[in-house]
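Peer 1: Quick one: this structure, given as structure tokens, is what I'll be asking you about.
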Amino acid sequence: MISRNLRHLRVFLAVCELGSLTQASARGNVSQPAGTQALRKLEAAAGGALFERTRQGMYPTDRGRLLQARAGRAFARLDAALADLSPRLPLTASSAQLSAFVAVCDAENFTLAARRLNLAQPTVHRAVTQIETEAQAPLFERRPHGLVPTRAAVALAQAARLAFSELEQAEAEIAALDGREVGQIVVGALPLARSVLLPQALSDFRRARPTTPIRVIDGLYSDLLSGLRRGDIDLVLGALRHPVPIGDVVQEALFEDRLAVVARNGHPLAGRAGLAPADLSDQEWVVPRSGTPSRIQFDAIFAPGGRAPARLIETGSILFMREYLNRGDALGCISAAQAEAEIAKGLLLRLDVEVDWPGRPIGITLREGWVPTPAQALLLDTLRRTARAL
């Protein structure tokens, strides 16, 4: 595992820039023996030499260049947030202090943060206090129910999370040089992606990368977006939002999907042509959650002077929808792509409804400026290729 010792990483970056351990140690205000030890520890963790040592100077190896790129991106994020609090913090803040700080921001409680980190509560409290002392300002509002991070604290925690994420990606890229798999790819999947696009894409990806660890997380869009922005999730796959919900993410459309109305086999409305919204308003419905793009489209078909259905069950689970529809005469509103998959298996049928559903863009949401590892880039390409074949 690559060392999270920020001072060691700063010495490493200085050597990359200056080509001299002596000059890099002087810049980092450490002795040359300490600088030498820092590089040795980093090289041991990286599994090989980070520099070619010549008479003309020290030059990064391929391994070193990978770490240089990721560590440079990490400090670009981190140092800006630290400097906003104090010009000295980029020099004094440690990885341990920042890890404790992030944990307290997340838990809003010192005891809970300490438990998450498996540390003593005084240790976590001291780490956060050291950052606040250097910043010469409180970074948490102490309230009866817990600690509320200030805006500056939230910004620092976010920068620290993404900086640590860059170092994790460095570990994955360096391990790949040696034919090893380190870390995992984390995909946040919305309902359509889980049942239509992602299984095929991951099946194709697995043939090319049989041992790459993959984690698929399902949940509400807001929760997946939060995980993406924090660096816990690498990409979110599903219906895109318009406009883009926040400025630090970007969206890439893969294909357009439309909605469909489905029911159980043998439903009383099966076989009727040209069903209008007025014919459907008295029916019981299983529909997407309120606020989602598909639910907005569903509500819109009854809006122009019509009567909205009164009997609704909201869900994001196609499994629940299918099982519920097959136990009665309720109708379901789902993605047309999902409907095709259910119909092909003989589990549901599609009703002939006179509604010109607008297309919904389905695609990938990423952090702005995110640079994927080779494995992550391969998965993105596989998703794009799979979407073109739908």
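We name chains A, B, ... following the order of the structure tokens; residues begin at 1 in each chain, and ligands are numbered from 1 as shown.
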At a cut-off of 10 Å, can you tabulate as a Markdown table every residue of stretch 187-225 of chain A near stretch 165-182 of chain A together with its closest atom pair and the distance in Å to one decimal, using only C-alpha atoms and ordering rows by chain then number?
Peer 2:
```
| residue | atom | partner | partner_atom | distance |
| --- | --- | --- | --- | --- |
| A:Arg209 | CA | A:Glu181 | CA | 9.6 |
| A:Thr211 | CA | A:Glu181 | CA | 7.0 |
| A:Thr212 | CA | A:Glu181 | CA | 6.0 |
| A:Pro213 | CA | A:Glu181 | CA | 7.7 |
```
Peer 1: Please produce a file of the residues just selected, as a compact mmCIF listing (two decimals), in the first residue's frame, where the atoms kept are C-alpha atoms.
Peer 2:
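The result, stored in again_17.txt:
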```txt
# COMPACT_ATOMS: atom_id res chain seq x y z
CA ARG A 209 -10.41 -8.49 -16.85
CA THR A 211 -9.95 -10.77 -11.64
CA THR A 212 -10.70 -7.05 -11.33
CA PRO A 213 -12.82 -6.59 -8.18
```
Peer 1: A:Cys105: which residues within 10 Å, counting only C-alpha atoms, same-chain residues fewer than 3 positions away excluded, as a PyMOL selection string?
Peer 2: chain A and resi 99-102+108-110+113+139-140+147-150+153-154+156-158
Peer 1: Restricting it to all heavy atoms, dump the selection as a short mmCIF file (atom, residue, chain, number, x, y, z; two decimals), in the first residue's frame.
Peer 2:
```cif
data_model
loop_
_atom_site.label_atom_id
_atom_site.label_comp_id
_atom_site.auth_asym_id
_atom_site.auth_seq_id
_atom_site.Cartn_x
_atom_site.Cartn_y
_atom_site.Cartn_z
N SER A 99 -7.52 12.20 8.06
CA SER A 99 -8.43 11.05 8.15
C SER A 99 -9.37 11.22 9.33
O SER A 99 -10.58 10.94 9.22
CB SER A 99 -7.64 9.76 8.29
OG SER A 99 -6.89 9.50 7.13
N ALA A 100 -8.84 11.69 10.45
CA ALA A 100 -9.69 11.94 11.62
C ALA A 100 -10.67 13.06 11.34
O ALA A 100 -11.85 12.99 11.71
CB ALA A 100 -8.82 12.28 12.83
N PHE A 101 -10.21 14.09 10.66
CA PHE A 101 -11.06 15.23 10.34
C PHE A 101 -12.22 14.80 9.45
O PHE A 101 -13.38 15.17 9.69
CB PHE A 101 -10.21 16.30 9.64
CG PHE A 101 -10.93 17.60 9.42
CD1 PHE A 101 -10.96 18.56 10.40
CD2 PHE A 101 -11.58 17.85 8.22
CE1 PHE A 101 -11.62 19.77 10.20
CE2 PHE A 101 -12.24 19.04 8.01
CZ PHE A 101 -12.26 20.01 9.00
N VAL A 102 -11.94 14.00 8.43
CA VAL A 102 -12.99 13.52 7.53
C VAL A 102 -14.00 12.67 8.31
O VAL A 102 -15.22 12.79 8.12
CB VAL A 102 -12.39 12.72 6.36
CG1 VAL A 102 -13.48 12.00 5.58
CG2 VAL A 102 -11.60 13.64 5.45
N GLU A 108 -20.17 13.54 12.58
CA GLU A 108 -20.61 14.70 13.37
C GLU A 108 -20.54 14.39 14.86
O GLU A 108 -21.37 14.85 15.65
CB GLU A 108 -22.02 15.14 12.96
CG GLU A 108 -22.08 15.60 11.51
CD GLU A 108 -23.43 16.18 11.11
OE1 GLU A 108 -24.38 16.03 11.89
OE2 GLU A 108 -23.51 16.79 10.03
N ASN A 109 -19.55 13.58 15.23
CA ASN A 109 -19.40 13.17 16.62
C ASN A 109 -18.01 12.57 16.79
O ASN A 109 -17.59 11.73 15.99
CB ASN A 109 -20.49 12.14 16.97
CG ASN A 109 -20.40 11.66 18.40
OD1 ASN A 109 -19.57 10.83 18.73
ND2 ASN A 109 -21.27 12.19 19.24
N PHE A 110 -17.29 12.97 17.82
CA PHE A 110 -15.93 12.47 18.02
C PHE A 110 -15.92 10.98 18.37
O PHE A 110 -15.08 10.22 17.88
CB PHE A 110 -15.23 13.26 19.13
CG PHE A 110 -14.77 14.62 18.71
CD1 PHE A 110 -15.31 15.76 19.28
CD2 PHE A 110 -13.78 14.76 17.74
CE1 PHE A 110 -14.89 17.01 18.89
CE2 PHE A 110 -13.35 16.02 17.35
CZ PHE A 110 -13.91 17.15 17.93
N ALA A 113 -16.74 8.88 15.32
CA ALA A 113 -15.62 8.94 14.38
C ALA A 113 -14.47 8.07 14.85
O ALA A 113 -13.86 7.34 14.05
CB ALA A 113 -15.16 10.39 14.21
N LEU A 139 -13.82 24.96 13.22
CA LEU A 139 -14.28 24.37 11.98
C LEU A 139 -15.55 23.54 12.18
O LEU A 139 -16.08 22.97 11.22
CB LEU A 139 -13.18 23.50 11.37
CG LEU A 139 -11.93 24.28 10.96
CD1 LEU A 139 -10.83 23.33 10.50
CD2 LEU A 139 -12.25 25.29 9.87
N PHE A 140 -16.03 23.50 13.43
CA PHE A 140 -17.28 22.82 13.74
C PHE A 140 -18.09 23.68 14.69
O PHE A 140 -17.54 24.31 15.58
CB PHE A 140 -17.02 21.45 14.40
CG PHE A 140 -16.32 20.47 13.51
CD1 PHE A 140 -14.93 20.40 13.48
CD2 PHE A 140 -17.04 19.61 12.70
CE1 PHE A 140 -14.29 19.50 12.66
CE2 PHE A 140 -16.40 18.71 11.87
CZ PHE A 140 -15.02 18.65 11.85
N LEU A 147 -21.80 17.75 16.22
CA LEU A 147 -20.92 18.74 15.60
C LEU A 147 -21.37 18.98 14.17
O LEU A 147 -21.56 18.04 13.40
CB LEU A 147 -19.48 18.23 15.60
CG LEU A 147 -18.88 17.84 16.96
CD1 LEU A 147 -17.55 17.13 16.75
CD2 LEU A 147 -18.69 19.08 17.82
N VAL A 148 -21.51 20.25 13.81
CA VAL A 148 -21.90 20.60 12.45
C VAL A 148 -20.70 21.26 11.77
O VAL A 148 -20.24 22.32 12.21
CB VAL A 148 -23.10 21.56 12.43
CG1 VAL A 148 -23.45 21.94 10.99
CG2 VAL A 148 -24.30 20.90 13.12
N PRO A 149 -20.13 20.65 10.72
CA PRO A 149 -18.97 21.24 10.06
C PRO A 149 -19.32 22.55 9.37
O PRO A 149 -20.40 22.69 8.80
CB PRO A 149 -18.54 20.18 9.05
CG PRO A 149 -19.74 19.32 8.85
CD PRO A 149 -20.53 19.37 10.11
N THR A 150 -18.41 23.51 9.44
CA THR A 150 -18.59 24.77 8.73
C THR A 150 -18.39 24.53 7.24
O THR A 150 -17.96 23.46 6.81
CB THR A 150 -17.59 25.82 9.22
OG1 THR A 150 -16.25 25.36 8.90
CG2 THR A 150 -17.69 26.03 10.73
N ALA A 153 -14.90 23.59 6.59
CA ALA A 153 -14.62 22.22 6.99
C ALA A 153 -15.13 21.23 5.95
O ALA A 153 -14.44 20.25 5.62
CB ALA A 153 -15.26 21.93 8.35
N VAL A 154 -16.31 21.49 5.42
CA VAL A 154 -16.86 20.61 4.38
C VAL A 154 -15.94 20.61 3.16
O VAL A 154 -15.68 19.56 2.57
CB VAL A 154 -18.28 21.07 4.00
CG1 VAL A 154 -18.78 20.34 2.76
CG2 VAL A 154 -19.24 20.84 5.18
N LEU A 156 -12.70 21.23 3.06
CA LEU A 156 -11.46 20.51 3.36
C LEU A 156 -11.69 19.00 3.37
O LEU A 156 -10.89 18.23 2.83
CB LEU A 156 -10.89 20.97 4.70
CG LEU A 156 -9.64 20.21 5.18
CD1 LEU A 156 -8.52 20.30 4.14
CD2 LEU A 156 -9.17 20.75 6.53
N ALA A 157 -12.77 18.55 3.98
CA ALA A 157 -13.06 17.12 4.03
C ALA A 157 -13.23 16.56 2.62
O ALA A 157 -12.74 15.47 2.31
CB ALA A 157 -14.31 16.87 4.87
N GLN A 158 -13.93 17.30 1.77
CA GLN A 158 -14.13 16.84 0.39
C GLN A 158 -12.79 16.75 -0.34
O GLN A 158 -12.53 15.77 -1.06
CB GLN A 158 -15.08 17.79 -0.34
CG GLN A 158 -15.30 17.48 -1.81
CD GLN A 158 -16.11 16.23 -2.06
OE1 GLN A 158 -16.35 15.45 -1.14
NE2 GLN A 158 -16.51 16.02 -3.31
#
```
Peer 1: When DSSP is applied to the backbone of this structure, which of stretch 296-390 of chain A are assigned alpha helix (DSSP H)? Write them out as a PyMOL selection string.
Peer 2: chain A and resi 296-300+318-325+336-344+374-388
Peer 1: Using the chain letters and numbers from this document, which residues of stretch 337-376 of chain A does DSSP assign to strand (DSSP E or B), as a ChimeraX atom specification?
Peer 2: /A:349-350,353,360-367
Peer 1: Could you state the separation of atom CA of A:Leu235 and atom CA of A:Ala81 in Å, given to one decimal place?
Peer 2: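 Atom CA of A:Ala81 lies 24.1 Å from atom CA of A:Leu235.
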Peer 1: What's the separation between atom CA of A:Phe75 and atom CA of A:Leu378, in Å to one decimal place?
Peer 2: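 Value for the atom CA of A:Phe75-atom CA of A:Leu378 distance: 26.3 Å.
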Peer 1: For each of A:Gly359, A:Gly274, A:Pro60, A:Pro33, take the minimum atom-to-atom distance to A:Leu240, counting only C-alpha atoms, then give the residue where this is smallest.
Peer 2: A:Gly359
Peer 1: Looking at only C-alpha atoms, which of A:Glu284, A:Glu340, A:Asp232, A:Glu368 is the one that sits closest to A:Asp248?
Peer 2: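 When distances to A:Asp248 are compared using only C-alpha atoms, the smallest one comes from A:Glu368.
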